[in-house]
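Undergrad: Input: one structure, supplied below.
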Amino acid sequence: MEKTYKLVTHSDAIPKTEIERLYDGYWVYIVKAKMTETGRLLEGIPVIIGSVPYDGVEDGIYEQYKADNFVERVGISLRHTGFISSLRLAEDSHV
């Protein structure tokens with residue numbers, strides 16, 4: 001079976017905008033993440049990209065990132081799901 005994830009190598013943290021540019025269309029697992037007080041990602045080191053969240057967990061690839069020196073860890077979705085976030089359902093006017 002073909003793997004649907006890939007390990008990526010970055011030695012330094014990169015800004016969220018660069019992560020979005022490099023890995024558009026993927027789910028991205030990031031270590032050493034710097035976040036705002038409200039939980040928004042500012043920068044981090046991408047280490048795994050996948051087609052779905054936590055792709056590769058069955059292979060144990062996340063185990064190597066459980067050490068304290070990888071905190072904070074976060075996954076972000078840059079996938080294109082086709083969902084329209086501003087979609088509003090029309091009310092039935094025949095009631």
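In the structure tokens, chains take the letters A, B, ... in the order shown, each chain's residues start at 1, and ligands count up from 1 in the order shown.
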For segment 28-45 of chain A, work out the shell of residues within 9 Å, counting only C-alpha atoms and skipping chain neighbours fewer than 6 positions away, then give it as a list in words.
TA: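 Near segment 28-45 of chain A, the qualifying residues are Thr9, His10, Ser11, Asp12, Ala13, Ile14, Pro15, Lys16, Thr17, Glu18, Ile19, Pro53, Tyr54, Tyr65, Asn69, Phe70, Val71, Glu72, Arg73, Val74, Gly75, Ile76, Ser77 and Leu78 of chain A.
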Undergrad: Which of chain A counts as alpha helix (DSSP H) under DSSP, as a CSV table (one decimal) with C-alpha atoms, in the first residue's frame please?
TA:
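part-v2.csv written:
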chain,number,residue,atom,x,y,z
A,16,LYS,CA,3.0,30.2,9.0
A,17,THR,CA,2.7,32.0,5.7
A,18,GLU,CA,5.7,30.1,4.3
A,19,ILE,CA,4.3,26.8,5.7
A,20,GLU,CA,1.0,27.6,3.9
A,21,ARG,CA,2.8,28.3,0.7
A,22,LEU,CA,5.0,25.2,0.8
Undergrad: Could you pull out the strand (DSSP E or B) residues of chain A, going by DSSP on the backbone, and write them as a PyMOL selection string?
TA: chain A and resi 5-7+14-15+27-35+41-50+74-77
Undergrad: Could you tell me which of A:Gly25, A:His80, A:Lys3, A:Val8 comes closest to Val57 of chain A if we count only C-alpha atoms?
TA: A:Lys3
Undergrad: Using Å and a single decimal, report how far atom CA of Glu2 of chain A sits from atom CA of Ala67 of chain A.
TA: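 Result for atom CA of Ala67 of chain A versus atom CA of Glu2 of chain A: 28.4 Å, one decimal.
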Undergrad: I want to know what sits within 8 Å of Asp55 of chain A, based on only C-alpha atoms, with residues of the same chain fewer than 4 positions away left out; could you give that as a ChimeraX atom specification?
TA: /A:4-5,49-51
